[in-house]
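Each remark here refers to the structure printed beneath this line.
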Amino acid sequence: MEFRLLGAVGVWRGEHRLGPVTAQQRTVLALLLLDPGRAVPVDRLITALWGDRPPVSARNSVQGCVSRLRRTLTESGTDAELTTSAQGYRLRVDRDRVDLHRFRDLVRLAQREEPTRGHELLGQALELWRGAALAEVAGRWLPETVAPGLEEERLAAHEERAVQDLHLGRPQNAAADLSALVAAHPLRERAVGILLMSLHQTGRRAEALALFRRVRQQFVEELGIEPGEELQRAHQAILNGGDPARTVPRQSPPAPVAAPPAAPATPAVPRQLPPDIEHFTSRAYELEILDALARKDRVGGSGAPVVCVIAGTGGVGKTALAVHWAHRARDRYPDGQLYLNLRGFGPTDSAVPPADAVRVFLDTLQVPASRIPAAFEAQVGLFRGLLADRRMLILLDNARDSDQVRPLLPTSPGSLVLVTSRNELTGLAVTDGAHQLTLDLLSAAESRELLDRRLGPGAFPGEQGSMDDIIALCAGLPLALAIVAARATTQPALPLSTLPGDAYGSGDSLDVFDSGDPSTDVRTVFSWSYRALSPEAARLFRLLGLAESPDLTMAAIASLAGEPLAVARRLLTELVRAHLVGQRSPGHYASHDLLWAYALELTLDQDPKEERRAALHRLLDHYLHSAVPGDDLLNPNVTAPIMPAPAQPHVTVTPLHDAAQARAWYADQLPALLAAVRQAAHLGFDAHAAQLAHASRAFLFQEGHAQHQVTTHRIALDAARRLFDLPAQALSHLGLGQAYHRLGQFDETEAHLLAALRLYEQLDDKTGQGRTHSHLGHLRDQQGRRREGLVHVTQALILHRASGHRAGQAQALNNIGWFHAALGAHEEALRYCEKALAMQQELGNANGHAAALDSLGYVHHHLGHHERAIGYYERALDWRRGRERVSEAETLARLAEAQLAAGRREECLTTLRQSLRLFTEVAHPGAETVTARLAELTADD
């Protein structure tokens, strides 16, 4: 069994694809397989599936794809594990089971072997391609953005195998392999050049010359330029009867800034790389990127050196990656390797000036002092001139900014420059064409691999739970993992369980990472980045430590800082470039756990208590004053709306204009809202805690998040009790009763609904009493006590009429009609439901309108009017799709029965499966009923 990306995407056993069955699921699988073990954000999946215009239900659709993909993986018998985290979805699978990664491993291995073995390995790699990469997927992003890069890798492997054929004296094989490739890609200069050599060496000189003429004509007609100098020289060699393989020189370097004095007759070959990393692990993707950059520059590239900036937060392993790869690649750079720590971030502000760095390199290249010019510009020219005809690897470690690096860059092809920095150094990308490679935290699997390599697998038997705690504590930061491993090695008698225990017990999770050496102490390493910030950005970084949300939007950050959006955006950009804050998904920003702990330490130490509380007040105001209008859009016609206190000055509120936008905002902000409710209650913002929970109730109920509704409303109830706020207590009980009902916990439901009813009676709130009687009616229906239920909903109608609440009256009429239908009085039911529908249409209440249509479908079905019932159900679904997932699932289940009664059996089965999918997604008890019904209907199939 294997996973295929190089052809039709899927899980395959032999030549039989086991799944997935839909193109959308195959897109999700492909994105997860491109980098196994690393989380793929939901927004990236949405972009891959729908581009920049996703449907409102995009997130729900992705969840559905993932759910079905999990089922496919289970049914196919693979040991792959598809998990969910705050960062997105992650597929853990052996990379050798994925054809793309096996292809890349074979190509890399071939480059290190002698020609015969290398040619064999490349053949094995190319056999893994079974068609165009990423075939049969949905969306344009994978075929148009990712697949071309994979196709480039395939073509490069073909070219490399042809080169091996030339080395082995088999030019006829190289010519046969490349003829079709060049016919399909006539402007691919390297392939054309190799084919010219092959044809010439097989005695087909006239054919080689004709090929060059055709290619030259296409370059001129399609690109308006002549072929590159390498092809021109190869052509000239064939005309002169020479060997083009021996006559293709590198491009001439540009003139240096200043004419350098004569260089030594025998240039020095420096070997300055620091020792390789003994326990280096993971980073396979990043190593592949660096390998690709080295291949790009192998024959002189585009006329400029290749520059790559490896950026990331302190302690994430930038230097380790650069040094490890440099050792792997050093044989490609026979003229030497230069290394310099530029000290851009460290215990002192002692960054190496560019003039000092250039002088160090000139000394390394053994230029006599008498030959070194006095002027800095001339020294730069001399350095670049010395590198002009050489292939060198230059590693510039710990750079502070682009200006520190730029004078140290060669200007001619052949050399490769690696730069590591905590800043992004975007200036090098803009003006010098530098490639950006951002280093992320390690996954849990990668963290475990690092500890296993340092400690030895099974070094601490019986402490699996402690190992998991340590991995979570280290937050994927390689420096933190290395410190923990070092402590475990030097204190082997000390159980691993003491490490997380010490950290959590002290209340300071960074103390456990005190290595005793300032250069490797996590807190100190973070401080070097922090000290480089402007005072305003430093304040924002500290305040971010106050927020317990997994991530924050730009509006939330502006509110926390008390700054206008434009100012907050500028400060956040500074933090992002310093890699103290990351963008987890478009518009969402966060620091990893250890940086968050460091920011919290700083704000508790440096910012006055009043300022910290004011910042949190603004953040909670942002969520509350954004959520309340959203709740009004999702839950209209409420007579007792939530009335928060006015927002604090300098709070940014997210404007929501319609129900679809409100629903999308709630879905996007749900983790932050849940965290805000918890934090508000913990810090004494009880009104915020209660009102945020109540403002989220409609969304949580409509989307089937019953357990979240229980959690938030329990917090709200405790907060309301502390405030002695009886209306808020009643509303909390009502929300808890509603959520427990959906979870099927009827005893809890009844207890909370009766508590709400007592409070509303005490408050003489007839509308609240009416709402509670409606919920009690629904409970009695579920309990099979329908005559009692009819009494409750009739009482609800009386109370709503007494208070003048027309939306409540319409709902009550519909409920009365439903109970009459359930009790067999269908004509009476029809009268009540039609009256309810007319009132809901008059009020413009979409949710109530859908409920009335659903009830009418139920009534007509039991009257034997099956086609009319189907029509009403379908109209109800038009209103409910994308709005109320649980209600949509319930309507689908009833529609299926009407379809079956009308003789539409296949439609019935399709509808039931749609209902089951929705019930399953929200973990609703209705899934069991629909599953049983499906089994009953398909038992004889």
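The chains in the structure tokens are called A, B, ... from first to last as shown; in each chain the residues are counted from 1, and the ligands are counted from 1 in the order shown.
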Shell of 8 Å around Ala351 (chain A), only C-alpha atoms, local chain residues under 6 positions omitted, as number ranges by chain: A: 342-345, 400
Could those residues be written to a file, using C-alpha atoms, as a PDB file, in the first residue's frame?
ATOM      1  CA  LEU A 342      27.986  38.528  12.346  1.00  0.00           C
ATOM      2  CA  ARG A 343      26.731  38.772  15.975  1.00  0.00           C
ATOM      3  CA  GLY A 344      23.582  40.597  14.924  1.00  0.00           C
ATOM      4  CA  PHE A 345      21.802  39.341  18.045  1.00  0.00           C
ATOM      5  CA  ARG A 400      21.075  41.779  11.994  1.00  0.00           C
TER       6      ARG A 400
END
Which parts of region 284-470 of chain A does DSSP call helix (DSSP H, G or I) when run on the backbone here, written out as an mmCIF file with C-alpha atoms, in the first residue's frame?
data_model
loop_
_atom_site.group_PDB
_atom_site.id
_atom_site.type_symbol
_atom_site.label_atom_id
_atom_site.label_comp_id
_atom_site.auth_asym_id
_atom_site.auth_seq_id
_atom_site.Cartn_x
_atom_site.Cartn_y
_atom_site.Cartn_z
ATOM 1 C CA ALA A 284 13.734 17.352 5.419
ATOM 2 C CA TYR A 285 11.691 19.918 3.504
ATOM 3 C CA GLU A 286 14.166 22.722 4.193
ATOM 4 C CA LEU A 287 17.124 20.534 3.217
ATOM 5 C CA GLU A 288 15.386 19.766 -0.072
ATOM 6 C CA ILE A 289 14.931 23.478 -0.756
ATOM 7 C CA LEU A 290 18.624 24.112 -0.154
ATOM 8 C CA ASP A 291 19.571 21.162 -2.360
ATOM 9 C CA ALA A 292 17.402 22.600 -5.135
ATOM 10 C CA LEU A 293 19.101 25.990 -4.814
ATOM 11 C CA ALA A 294 22.507 24.315 -5.084
ATOM 12 C CA ARG A 295 21.409 22.452 -8.213
ATOM 13 C CA LYS A 296 20.192 25.718 -9.699
ATOM 14 C CA LYS A 318 18.690 28.279 11.944
ATOM 15 C CA THR A 319 22.453 27.867 12.457
ATOM 16 C CA ALA A 320 22.115 24.110 12.972
ATOM 17 C CA LEU A 321 20.297 23.749 9.646
ATOM 18 C CA ALA A 322 22.743 25.984 7.775
ATOM 19 C CA VAL A 323 25.848 24.263 9.179
ATOM 20 C CA HIS A 324 24.456 20.754 8.668
ATOM 21 C CA TRP A 325 23.486 21.432 5.060
ATOM 22 C CA ALA A 326 26.773 23.192 4.369
ATOM 23 C CA HIS A 327 28.648 20.054 5.425
ATOM 24 C CA ARG A 328 26.416 17.962 3.163
ATOM 25 C CA ALA A 329 27.036 20.285 0.222
ATOM 26 C CA ARG A 330 30.677 21.264 0.721
ATOM 27 C CA ASP A 331 31.953 18.941 -2.030
ATOM 28 C CA ARG A 332 29.941 20.983 -4.518
ATOM 29 C CA PRO A 354 30.578 45.220 7.274
ATOM 30 C CA ALA A 355 34.088 46.717 6.983
ATOM 31 C CA ASP A 356 35.385 44.358 9.677
ATOM 32 C CA ALA A 357 33.666 41.388 8.054
ATOM 33 C CA VAL A 358 35.203 42.089 4.636
ATOM 34 C CA ARG A 359 38.634 42.443 6.188
ATOM 35 C CA VAL A 360 38.230 39.101 7.988
ATOM 36 C CA PHE A 361 37.421 37.377 4.709
ATOM 37 C CA LEU A 362 40.359 38.991 2.922
ATOM 38 C CA ASP A 363 42.660 37.736 5.672
ATOM 39 C CA THR A 364 41.094 34.277 5.369
ATOM 40 C CA ALA A 369 48.118 43.395 4.099
ATOM 41 C CA SER A 370 50.196 45.401 1.645
ATOM 42 C CA ARG A 371 47.748 44.515 -1.137
ATOM 43 C CA PHE A 376 36.113 50.116 2.117
ATOM 44 C CA GLU A 377 34.569 50.132 -1.381
ATOM 45 C CA ALA A 378 37.873 48.977 -2.854
ATOM 46 C CA GLN A 379 38.108 46.187 -0.280
ATOM 47 C CA VAL A 380 34.653 45.002 -1.299
ATOM 48 C CA GLY A 381 35.748 45.049 -4.940
ATOM 49 C CA LEU A 382 38.853 43.027 -4.113
ATOM 50 C CA PHE A 383 36.822 40.450 -2.202
ATOM 51 C CA ARG A 384 34.337 40.069 -5.040
ATOM 52 C CA GLY A 385 37.117 39.851 -7.579
ATOM 53 C CA LEU A 386 38.763 37.009 -5.653
ATOM 54 C CA LEU A 387 35.486 35.073 -5.741
ATOM 55 C CA SER A 402 20.371 43.620 5.022
ATOM 56 C CA ASP A 403 22.969 46.400 5.132
ATOM 57 C CA GLN A 404 25.268 44.223 7.239
ATOM 58 C CA VAL A 405 25.106 41.440 4.649
ATOM 59 C CA ARG A 406 25.018 43.180 1.281
ATOM 60 C CA PRO A 407 28.778 44.065 0.980
ATOM 61 C CA LEU A 408 29.654 40.409 1.639
ATOM 62 C CA THR A 426 13.313 41.406 2.947
ATOM 63 C CA GLY A 427 15.677 44.023 1.521
ATOM 64 C CA LEU A 428 17.939 41.234 0.256
ATOM 65 C CA ALA A 429 14.987 39.599 -1.460
ATOM 66 C CA VAL A 430 13.966 42.858 -3.145
ATOM 67 C CA THR A 431 17.344 44.151 -4.305
ATOM 68 C CA ASP A 432 19.535 41.035 -4.426
ATOM 69 C CA ALA A 444 5.519 16.728 18.146
ATOM 70 C CA ALA A 445 6.833 13.804 16.061
ATOM 71 C CA GLU A 446 9.950 15.740 15.085
ATOM 72 C CA SER A 447 10.491 16.786 18.708
ATOM 73 C CA ARG A 448 10.328 13.166 19.800
ATOM 74 C CA GLU A 449 12.794 12.185 17.084
ATOM 75 C CA LEU A 450 15.223 14.845 18.312
ATOM 76 C CA LEU A 451 14.996 13.598 21.916
ATOM 77 C CA ASP A 452 15.369 9.983 20.782
ATOM 78 C CA ARG A 453 18.519 10.839 18.854
ATOM 79 C CA ARG A 454 20.055 12.730 21.760
ATOM 80 C CA LEU A 455 18.992 10.346 24.520
ATOM 81 C CA GLN A 464 5.957 7.963 28.023
ATOM 82 C CA GLY A 465 3.564 10.421 29.646
ATOM 83 C CA SER A 466 6.426 12.519 30.975
ATOM 84 C CA MET A 467 8.031 12.556 27.531
ATOM 85 C CA ASP A 468 4.763 13.849 26.057
ATOM 86 C CA ASP A 469 4.604 16.546 28.755
ATOM 87 C CA ILE A 470 8.165 17.624 28.004
#
Atom pair CA of Ala614 (chain A) / CA of Tyr589 (chain A): separation (Å):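 CA of Tyr589 (chain A) lies at a distance of 21.1 Å from CA of Ala614 (chain A).
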For region 162-172 of chain A: contacts at 12 Å, only C-alpha atoms, fewer than 6 positions along chain excluded, given as JSON, numbers by chain: {"A": [110, 111, 113, 114, 115, 116, 117, 118, 119, 120, 121, 122, 123, 155, 156, 178, 179, 181, 190, 191, 192, 193, 194, 195, 196, 197, 198, 199, 200, 201, 202, 203, 204, 245]}
Contacts of Ile798 (chain A) at 8 Å (only C-alpha atoms; same-chain gap of 4+ positions) as number ranges by chain: A: 770, 794, 802
Atoms kept (N, CA and C atoms) for selection, written as an mmCIF file, in the first residue's frame:
data_model
loop_
_atom_site.group_PDB
_atom_site.id
_atom_site.type_symbol
_atom_site.label_atom_id
_atom_site.label_comp_id
_atom_site.auth_asym_id
_atom_site.auth_seq_id
_atom_site.Cartn_x
_atom_site.Cartn_y
_atom_site.Cartn_z
ATOM 1 N N GLY A 770 -42.086 32.414 28.413
ATOM 2 C CA GLY A 770 -42.571 31.803 27.177
ATOM 3 C C GLY A 770 -41.472 31.020 26.465
ATOM 4 N N THR A 794 -48.498 25.625 24.390
ATOM 5 C CA THR A 794 -49.713 26.460 24.446
ATOM 6 C C THR A 794 -49.532 27.563 25.484
ATOM 7 N N ALA A 802 -49.249 37.876 25.833
ATOM 8 C CA ALA A 802 -49.344 38.822 26.948
ATOM 9 C C ALA A 802 -48.233 39.854 26.903
#
Shell around Pro478 (chain A) at 7 Å using only C-alpha atoms, local window under 5 positions removed, as number ranges by chain: A: 315-317
